[in-house]
file start-v5.txt (compact mmCIF, C-alpha atoms)
# COMPACT_ATOMS: atom_id res chain seq x y z
CA MET A 259 0.00 0.00 0.00
CA SER A 260 1.43 3.40 -0.99
CA SER A 261 1.59 6.24 1.53
CA ALA A 262 -1.19 8.01 -0.42
CA ASP A 263 -3.37 4.89 -0.15
CA LEU A 264 -2.56 4.61 3.55
CA ARG A 265 -3.48 8.24 4.08
CA GLY A 266 -6.78 7.67 2.23
CA GLU A 267 -7.59 4.59 4.30
CA ALA A 268 -6.68 6.37 7.53
CA HIS A 269 -8.81 9.35 6.50
CA LYS A 270 -11.84 7.10 5.92
CA LEU A 271 -11.31 5.44 9.30
CA LEU A 272 -11.08 8.84 10.98
CA CYS A 273 -14.32 9.94 9.26
CA TYR A 274 -15.95 6.76 10.54
CA MET A 275 -14.67 7.36 14.10
CA ALA A 276 -15.59 11.05 14.20
CA THR A 277 -19.08 10.34 12.81
CA SER A 278 -19.48 7.55 15.34
CA ALA A 279 -18.51 9.90 18.17
CA ARG A 280 -21.04 12.49 17.01
CA ASN A 281 -23.86 10.02 16.47
CA LEU A 282 -23.30 8.11 19.71
CA VAL A 283 -24.59 11.19 21.56
CA GLY A 284 -28.11 10.05 20.64
CA GLU A 285 -27.76 6.34 19.92
CA PRO A 286 -28.36 3.24 22.07
CA PRO A 287 -25.58 2.88 24.68
CA MET A 288 -24.52 -0.53 23.34
CA TYR A 289 -23.63 1.10 20.01
CA GLY A 290 -20.57 2.61 21.76
CA PRO A 291 -18.72 -0.67 22.35
CA PHE A 292 -20.00 -1.91 18.98
CA ARG A 293 -18.43 1.04 17.13
CA LEU A 294 -15.17 0.69 19.07
CA VAL A 295 -14.69 -2.96 18.17
CA ASP A 296 -15.77 -2.29 14.59
CA ALA A 297 -13.18 0.51 14.39
CA SER A 298 -10.62 -1.93 15.82
CA SER A 299 -11.44 -4.39 13.06
CA ARG A 300 -11.10 -1.65 10.41
CA LEU A 301 -7.74 -0.58 11.88
CA ILE A 302 -6.44 -4.15 11.83
CA ASP A 303 -7.59 -4.43 8.20
CA ILE A 304 -5.47 -1.38 7.30
CA LEU A 305 -2.49 -2.73 9.25
CA GLU A 306 -2.77 -6.11 7.54
CA ARG A 307 -2.70 -4.45 4.15
CA GLN A 308 0.44 -2.60 5.29
CA GLY A 309 2.01 -5.95 6.08
CA VAL A 310 1.75 -5.37 9.84
CA ASP A 311 0.39 -8.53 11.38
CA ASP A 312 1.51 -10.75 14.20
CA GLY A 313 -1.20 -13.38 13.84
CA THR A 314 -2.99 -12.16 16.94
CA LEU A 315 -4.34 -9.13 15.11
CA THR A 316 -5.74 -11.29 12.33
CA GLU A 317 -7.27 -13.60 14.92
CA ALA A 318 -8.79 -10.61 16.71
CA ARG A 319 -10.25 -9.22 13.48
CA ALA A 320 -11.76 -12.60 12.60
CA LEU A 321 -13.28 -12.82 16.09
CA ILE A 322 -14.74 -9.32 15.80
CA GLU A 323 -16.24 -9.98 12.37
CA GLU A 324 -17.74 -13.25 13.59
CA LYS A 325 -19.26 -11.88 16.79
CA LYS A 326 -19.88 -8.13 16.48
CA TYR A 327 -23.49 -8.40 15.30
CA LEU A 328 -24.40 -10.20 18.53
CA VAL A 329 -25.01 -6.69 19.85
CA MET A 330 -28.28 -6.67 17.91
CA ASN A 331 -29.92 -9.69 19.49
CA ASP A 332 -27.87 -11.07 22.39
CA GLU A 333 -26.22 -8.42 24.53
CA ASP A 334 -24.93 -10.93 27.10
CA ALA A 335 -23.16 -12.91 24.39
CA PHE A 336 -21.80 -9.65 22.96
CA VAL A 337 -20.29 -8.69 26.33
CA GLU A 338 -18.83 -12.20 26.65
CA PHE A 339 -17.25 -11.74 23.22
CA LEU A 340 -15.74 -8.41 24.35
CA ASP A 341 -14.11 -10.20 27.29
CA ASP A 342 -12.75 -12.87 24.95
CA LEU A 343 -11.37 -10.19 22.64
CA VAL A 344 -9.59 -8.36 25.44
CA MET A 345 -8.14 -11.62 26.74
CA LEU A 346 -6.94 -12.57 23.26
CA LEU A 347 -5.20 -9.23 22.78
CA ALA A 348 -3.85 -9.15 26.35
CA ARG A 349 -2.13 -12.52 25.91
CA SER A 350 0.14 -11.06 23.23
CA LEU A 351 1.18 -7.98 25.23
CA VAL A 352 4.22 -9.60 26.79
CA MET B 121 -43.10 -13.42 -5.42
CA ASP B 122 -45.89 -13.54 -2.87
CA LEU B 123 -45.95 -10.34 -0.83
CA PHE B 124 -46.41 -12.06 2.54
CA GLU B 125 -43.52 -14.44 1.81
CA ALA B 126 -41.37 -11.47 0.81
CA ILE B 127 -42.16 -9.72 4.08
CA MET B 128 -41.23 -12.79 6.13
CA GLU B 129 -38.12 -13.71 4.09
CA ARG B 130 -36.52 -10.29 3.78
CA ARG B 131 -33.48 -9.63 5.95
CA SER B 132 -31.04 -6.77 6.34
CA VAL B 133 -28.05 -7.63 4.16
CA ARG B 134 -24.63 -6.38 5.28
CA SER B 135 -22.33 -8.42 3.05
CA TYR B 136 -22.39 -7.97 -0.71
CA GLN B 137 -20.94 -9.31 -3.95
CA GLY B 138 -19.22 -6.68 -6.06
CA ARG B 139 -21.57 -7.27 -9.02
CA PRO B 140 -23.21 -4.05 -10.20
CA ILE B 141 -26.97 -3.61 -10.16
CA PRO B 142 -28.54 -2.84 -13.57
CA VAL B 143 -29.60 0.79 -13.90
CA GLY B 144 -33.14 -0.32 -14.81
CA ASP B 145 -33.46 -2.19 -11.51
CA LEU B 146 -32.25 0.80 -9.53
CA GLU B 147 -34.87 2.90 -11.30
CA ARG B 148 -37.53 0.35 -10.37
CA LEU B 149 -36.46 0.59 -6.73
CA VAL B 150 -36.79 4.36 -6.76
CA LYS B 151 -40.18 4.06 -8.41
CA ALA B 152 -41.30 1.66 -5.68
CA ALA B 153 -40.08 4.14 -3.06
CA HIS B 154 -41.90 6.99 -4.81
CA TRP B 155 -45.21 5.12 -4.74
CA ALA B 156 -45.27 4.72 -0.97
CA PRO B 157 -48.06 6.57 0.86
CA SER B 158 -47.47 10.21 1.69
CA ALA B 159 -48.76 11.68 4.95
CA GLY B 160 -51.00 14.62 4.16
CA ASN B 161 -50.10 14.07 0.50
CA ILE B 162 -47.34 16.64 0.89
CA ASN B 163 -44.70 14.49 -0.86
CA PRO B 164 -41.56 16.04 0.60
CA ARG B 165 -39.33 13.16 -0.57
CA HIS B 166 -36.29 13.11 -2.83
CA PHE B 167 -34.17 10.10 -3.80
CA VAL B 168 -30.49 10.30 -4.71
CA THR B 169 -29.09 7.15 -6.31
CA VAL B 170 -25.33 6.78 -5.97
CA THR B 171 -23.29 4.13 -7.80
CA GLU B 172 -19.96 5.86 -8.36
CA PRO B 173 -17.57 3.79 -6.19
CA LYS B 174 -15.68 6.80 -4.84
CA ILE B 175 -18.89 8.47 -3.67
CA VAL B 176 -20.26 5.21 -2.24
CA GLU B 177 -16.99 4.83 -0.29
CA ALA B 178 -17.22 8.41 0.94
CA ILE B 179 -20.81 7.91 2.12
CA LYS B 180 -19.71 4.72 3.87
CA ALA B 181 -16.93 6.59 5.67
CA LEU B 182 -19.58 8.93 7.07
CA SER B 183 -22.01 6.12 7.92
CA PRO B 184 -20.98 3.98 10.89
CA GLY B 185 -24.17 1.95 10.40
CA MET B 186 -23.19 0.81 6.92
CA PHE B 187 -21.33 -2.46 6.58
CA GLY B 188 -19.80 -4.52 3.77
CA GLY B 189 -19.17 -3.14 0.32
CA PRO B 190 -22.47 -1.99 -1.18
CA VAL B 191 -22.36 -1.24 -4.92
CA ALA B 192 -25.09 1.38 -4.68
CA VAL B 193 -26.71 3.59 -2.09
CA ILE B 194 -30.08 5.26 -2.40
CA VAL B 195 -30.26 8.33 -0.16
CA LEU B 196 -33.79 9.13 0.97
CA CYS B 197 -34.11 12.83 1.68
CA SER B 198 -36.84 15.08 2.98
CA ASP B 199 -37.50 18.59 1.79
CA ARG B 200 -37.93 20.12 5.25
CA ALA B 201 -38.96 23.51 3.85
CA LYS B 202 -41.74 22.00 1.74
CA ALA B 203 -42.88 19.81 4.62
CA GLU B 204 -43.07 22.76 7.01
CA LYS B 205 -44.83 24.92 4.46
CA ARG B 206 -47.48 22.29 3.77
CA ALA B 207 -47.92 20.83 7.25
CA SER B 208 -46.51 23.45 9.60
CA SER B 209 -45.26 21.97 12.89
CA ASN B 210 -46.20 18.45 11.81
CA GLY B 211 -44.10 18.75 8.65
CA TYR B 212 -40.99 17.13 10.07
CA ILE B 213 -42.93 14.17 11.48
CA TYR B 214 -44.83 13.75 8.22
CA SER B 215 -41.65 13.76 6.18
CA ILE B 216 -39.99 11.19 8.45
CA MET B 217 -43.06 8.95 8.07
CA ASP B 218 -42.93 9.36 4.30
CA VAL B 219 -39.27 8.51 4.07
CA SER B 220 -39.79 5.47 6.31
CA MET B 221 -42.68 4.19 4.20
CA SER B 222 -40.61 4.74 1.05
CA ALA B 223 -37.73 2.82 2.57
CA GLN B 224 -39.96 -0.16 3.34
CA ASN B 225 -41.26 -0.22 -0.25
CA LEU B 226 -37.69 -0.02 -1.48
CA LEU B 227 -36.52 -2.87 0.78
CA LEU B 228 -39.30 -5.18 -0.35
CA ALA B 229 -38.81 -4.28 -4.01
CA ALA B 230 -35.09 -4.98 -3.68
CA HIS B 231 -35.84 -8.36 -2.12
CA ALA B 232 -38.21 -9.18 -4.98
CA LEU B 233 -35.38 -8.45 -7.45
CA GLY B 234 -32.88 -10.60 -5.53
CA ILE B 235 -30.99 -7.51 -4.38
CA GLY B 236 -29.78 -7.29 -0.79
CA ALA B 237 -30.45 -4.09 1.11
CA CYS B 238 -29.90 -2.56 4.51
CA VAL B 239 -31.50 0.60 5.78
CA VAL B 240 -29.10 2.88 7.66
CA ARG B 241 -29.86 5.73 10.04
CA SER B 242 -26.40 5.96 11.65
CA PHE B 243 -24.73 8.50 9.41
CA HIS B 244 -23.90 12.20 9.49
CA ALA B 245 -26.78 13.82 7.61
CA LYS B 246 -25.16 17.22 7.15
CA ALA B 247 -21.91 15.75 5.83
CA VAL B 248 -23.68 13.35 3.47
CA GLY B 249 -25.95 16.16 2.25
CA SER B 250 -22.91 18.33 1.60
CA LEU B 251 -21.15 15.49 -0.23
CA LEU B 252 -24.15 15.07 -2.53
CA GLY B 253 -24.69 18.80 -3.05
CA CYS B 254 -28.14 18.81 -1.46
CA PRO B 255 -29.61 22.25 -0.75
CA GLU B 256 -29.68 23.11 2.94
CA HIS B 257 -33.42 22.51 3.29
CA VAL B 258 -33.12 19.00 1.81
CA VAL B 259 -31.93 16.60 4.50
CA PRO B 260 -30.77 13.00 4.03
CA GLU B 261 -32.93 11.01 6.48
CA LEU B 262 -32.18 7.37 5.61
CA LEU B 263 -29.69 5.52 3.47
CA VAL B 264 -30.38 2.21 1.78
CA ALA B 265 -27.22 0.24 1.01
CA LEU B 266 -27.63 -2.14 -1.94
CA GLY B 267 -25.81 -5.08 -3.50
CA TYR B 268 -26.30 -8.72 -4.36
CA PRO B 269 -26.12 -10.72 -1.12
CA GLN B 270 -22.97 -12.57 -0.18
CA GLY B 271 -23.61 -15.59 2.04
CA ASN B 272 -26.70 -16.53 4.00
CA LEU B 273 -29.31 -13.95 4.86
CA GLY B 274 -29.42 -15.00 8.48
CA GLN B 275 -32.28 -15.51 10.86
CA GLY B 276 -34.72 -12.76 11.63
CA ILE B 277 -35.38 -12.24 15.31
CA ARG B 278 -38.40 -10.44 16.70
CA PRO B 279 -39.94 -10.29 20.17
CA PRO B 280 -42.88 -12.70 20.59
CA LEU B 281 -45.89 -11.27 18.77
CA GLU B 282 -48.22 -12.34 21.59
CA ASP B 283 -46.39 -9.89 23.88
CA LEU B 284 -47.03 -7.03 21.48
CA SER B 285 -50.36 -7.76 19.88
CA HIS B 286 -53.62 -6.61 21.45
CA ASN B 287 -57.19 -7.27 20.41
CA GLU B 288 -59.86 -4.64 20.86
CA ARG B 289 -58.18 -3.27 24.02
CA TRP B 290 -54.77 -3.14 25.63
CA ARG B 291 -54.11 -6.50 27.28
CA GLN B 292 -52.58 -6.01 30.72
CA GLU B 293 -50.21 -8.51 32.23
CA GLY B 294 -52.09 -11.11 34.25
CA SER B 295 -55.39 -10.10 32.71
CA SER B 296 -57.61 -12.70 31.07
CA HIS B 297 -58.86 -10.07 28.65
CA GLU B 298 -57.52 -10.60 25.14
call {"tool": "encode", "arguments": {"input": "start-v5.txt", "output": "C-alpha cells"}}
result
Amino acid sequence: MSSADLRGEAHKLLCYMATSARNLVGEPPMYGPFRLVDASSRLIDILERQGVDDGTLTEARALIEEKKYLVMNDEDAFVEFLDDLVMLLARSLV
Amino acid sequence: MDLFEAIMERRSVRSYQGRPIPVGDLERLVKAAHWAPSAGNINPRHFVTVTEPKIVEAIKALSPGMFGGPVAVIVLCSDRAKAEKRASSNGYIYSIMDVSMSAQNLLLAAHALGIGACVVRSFHAKAVGSLLGCPEHVVPELLVALGYPQGNLGQGIRPPLEDLSHNERWRQEGSSHE
C-alpha cells in the first residue's frame, strides 16, 4: 500500500470514528462498544494491508467480524465476546 | 413473489458481492419508493441514487451503520422547507413517516429483485448532504445500502408477537382479557 493509499484509508477510518462519536450522543448505549470494536477491526484491516500482522491481530479481526453483530440480538453474548477479545489481545502484550 | 412471503423472508443484508446492479433495476427501486403513501399528501421526498464507487466509499466513511461493500446507495431525503410549508409543525414528522414508508417499499422491491439491502440511520446527515450537493433545506434522512447478497441472509429475530399484539383493548399482564 502506498503512503497516499494509507493516508486515504486512515482518513476514511477517521471519518468513521468522528461520525461515530457524534452520532453516539443520541444512539443506544450498546452502540458505543459496537463502534469501538468495529473501528478496531477496520484498523487491523489497514495494518494487515500494510504488512503489519503478528497473527494475533488477524485472529482478533476474525473474532470481531464473527461476533460483532451479537449486539443486535444477544447483549450478554456480545459482552462475553468483548471479554474474549480483550483476553486474546492481552495474551500477546508480553 | 408472494408479498407475505417477501415480508417474512426479507433480511437486512450487510455483506455484498461486487456485481453491479442494472440501472433499470435501480430505477424500479426508486419508483417503488416513490409510490409509498405520503402523509397529508405533501410528498416532501427526494431520492439520490449513488453508484460511483468513490462516492459510495465516501458515504460509507460517514455512515458507521453501513457495513460490507455496497455497490449502490439510495439516499432518501426530505425537503424540510416544503414539509413545514405544507404541514406546519407536523411537517418534520410527516416527512420522516414518508421517508420510512418509502424505505420499506424499497426494501421489499429490492428483495423481490434478488438484491440485498440494509437501511441505515447511523450516518452524518449534514456531511452526506454536503457530499451530494443537497440544498440546505433538503436533508438526508435514511440511506439504503444495496448489493447482491454474499452468504446466508441470516435468521430474523423479533420479540414474541403475543407480547405485542392486542385485540380490541390493551391487554394487561395477568389479565384474562384478550
call {"tool": "residues_around", "arguments": {"input": "start-v5.txt", "residues": "Tyr136 in chain B", "least_positions_apart": "5", "cutoff": "9 Å", "atoms": "only C-alpha atoms", "output": "VMD selection string"}}
result
chain B and resid 188 to 191 236 266 to 271
call {"tool": "write_last_selection", "arguments": {"input": "start-v5.txt", "atoms": "C-alpha atoms", "output": "PDB file, in the coordinates of the input"}}
result
ATOM      1  CA  GLY B 188     -19.800  -4.520   3.770  1.00  0.00           C
ATOM      2  CA  GLY B 189     -19.170  -3.140   0.320  1.00  0.00           C
ATOM      3  CA  PRO B 190     -22.470  -1.990  -1.180  1.00  0.00           C
ATOM      4  CA  VAL B 191     -22.360  -1.240  -4.920  1.00  0.00           C
ATOM      5  CA  GLY B 236     -29.780  -7.290  -0.790  1.00  0.00           C
ATOM      6  CA  LEU B 266     -27.630  -2.140  -1.940  1.00  0.00           C
ATOM      7  CA  GLY B 267     -25.810  -5.080  -3.500  1.00  0.00           C
ATOM      8  CA  TYR B 268     -26.300  -8.720  -4.360  1.00  0.00           C
ATOM      9  CA  PRO B 269     -26.120 -10.720  -1.120  1.00  0.00           C
ATOM     10  CA  GLN B 270     -22.970 -12.570  -0.180  1.00  0.00           C
ATOM     11  CA  GLY B 271     -23.610 -15.590   2.040  1.00  0.00           C
TER      12      GLY B 271
END
call {"tool": "residues_near_point", "arguments": {"input": "start-v5.txt", "point": "(-2.8, -7.8, 17.9)", "cutoff": "7 Å", "atoms": "all atoms listed in the file", "output": "list of chain:residue names"}}
result
A:Asp312, A:Thr314, A:Leu315, A:Ala318, A:Leu347, A:Ser350
call {"tool": "closest_atom_pairs", "arguments": {"input": "start-v5.txt", "of": "chain B", "to": "chain A", "cutoff": "6 Å", "atoms": "only C-alpha atoms", "output": "CSV"}}
result
residue,atom,partner,partner_atom,distance
B:Ala181,CA,A:Tyr274,CA,5.0
B:Leu182,CA,A:Tyr274,CA,5.5
B:Pro184,CA,A:Tyr274,CA,5.8
call {"tool": "residues_around", "arguments": {"input": "start-v5.txt", "residues": "Asn272 in chain B", "least_positions_apart": "4", "cutoff": "10 Å", "atoms": "only C-alpha atoms", "output": "PDB file with C-alpha atoms, in the coordinates of the input"}}
result
ATOM      1  CA  ARG B 131     -33.480  -9.630   5.950  1.00  0.00           C
ATOM      2  CA  VAL B 133     -28.050  -7.630   4.160  1.00  0.00           C
ATOM      3  CA  SER B 135     -22.330  -8.420   3.050  1.00  0.00           C
TER       4      SER B 135
END
call {"tool": "atom_distance", "arguments": {"input": "start-v5.txt", "atom1": "CA of Gly253 in chain B", "atom2": "CA of Leu227 in chain B"}}
result
25.0 Å
call {"tool": "atom_distance", "arguments": {"input": "start-v5.txt", "atom1": "CA of Leu123 in chain B", "atom2": "CA of Ala229 in chain B"}}
result
9.9 Å
call {"tool": "atom_distance", "arguments": {"input": "start-v5.txt", "atom1": "CA of Leu149 in chain B", "atom2": "CA of Asp218 in chain B"}}
result
15.5 Å
call {"tool": "residues_near_point", "arguments": {"input": "start-v5.txt", "point": "(-31.1, -0.9, -12.9)", "cutoff": "12 Å", "atoms": "only C-alpha atoms", "output": "JSON, numbers by chain"}}
result
{"B": [140, 141, 142, 143, 144, 145, 146, 147, 148, 149, 150, 151, 169, 170, 171, 191, 192, 230, 233, 235, 266, 267]}
call {"tool": "closest_residue", "arguments": {"input": "start-v5.txt", "among": "A:Val352, A:Ser299, A:Met288, A:Val310", "to": "Asp334 in chain A", "atoms": "all atoms listed in the file"}}
result
A:Met288
call {"tool": "closest_residue", "arguments": {"input": "start-v5.txt", "among": "A:Gln308, A:Gly313, A:Arg349, A:Leu321", "to": "Asp263 in chain A", "atoms": "all atoms listed in the file"}}
result
A:Gln308
call {"tool": "closest_residue", "arguments": {"input": "start-v5.txt", "among": "B:Leu196, B:Val258, B:Ala265, B:Ile162", "to": "Val176 in chain B", "atoms": "all atoms listed in the file"}}
result
B:Ala265
call {"tool": "closest_residue", "arguments": {"input": "start-v5.txt", "among": "B:Ala201, B:Val168, B:Val193, B:Leu273", "to": "His154 in chain B", "atoms": "all atoms listed in the file"}}
result
B:Val168
call {"tool": "residues_around", "arguments": {"input": "start-v5.txt", "residues": "Arg319 in chain A", "least_positions_apart": "2", "cutoff": "8 Å", "atoms": "all atoms listed in the file", "output": "number ranges by chain"}}
result
A: 298-299, 302-303, 315-317, 321-323
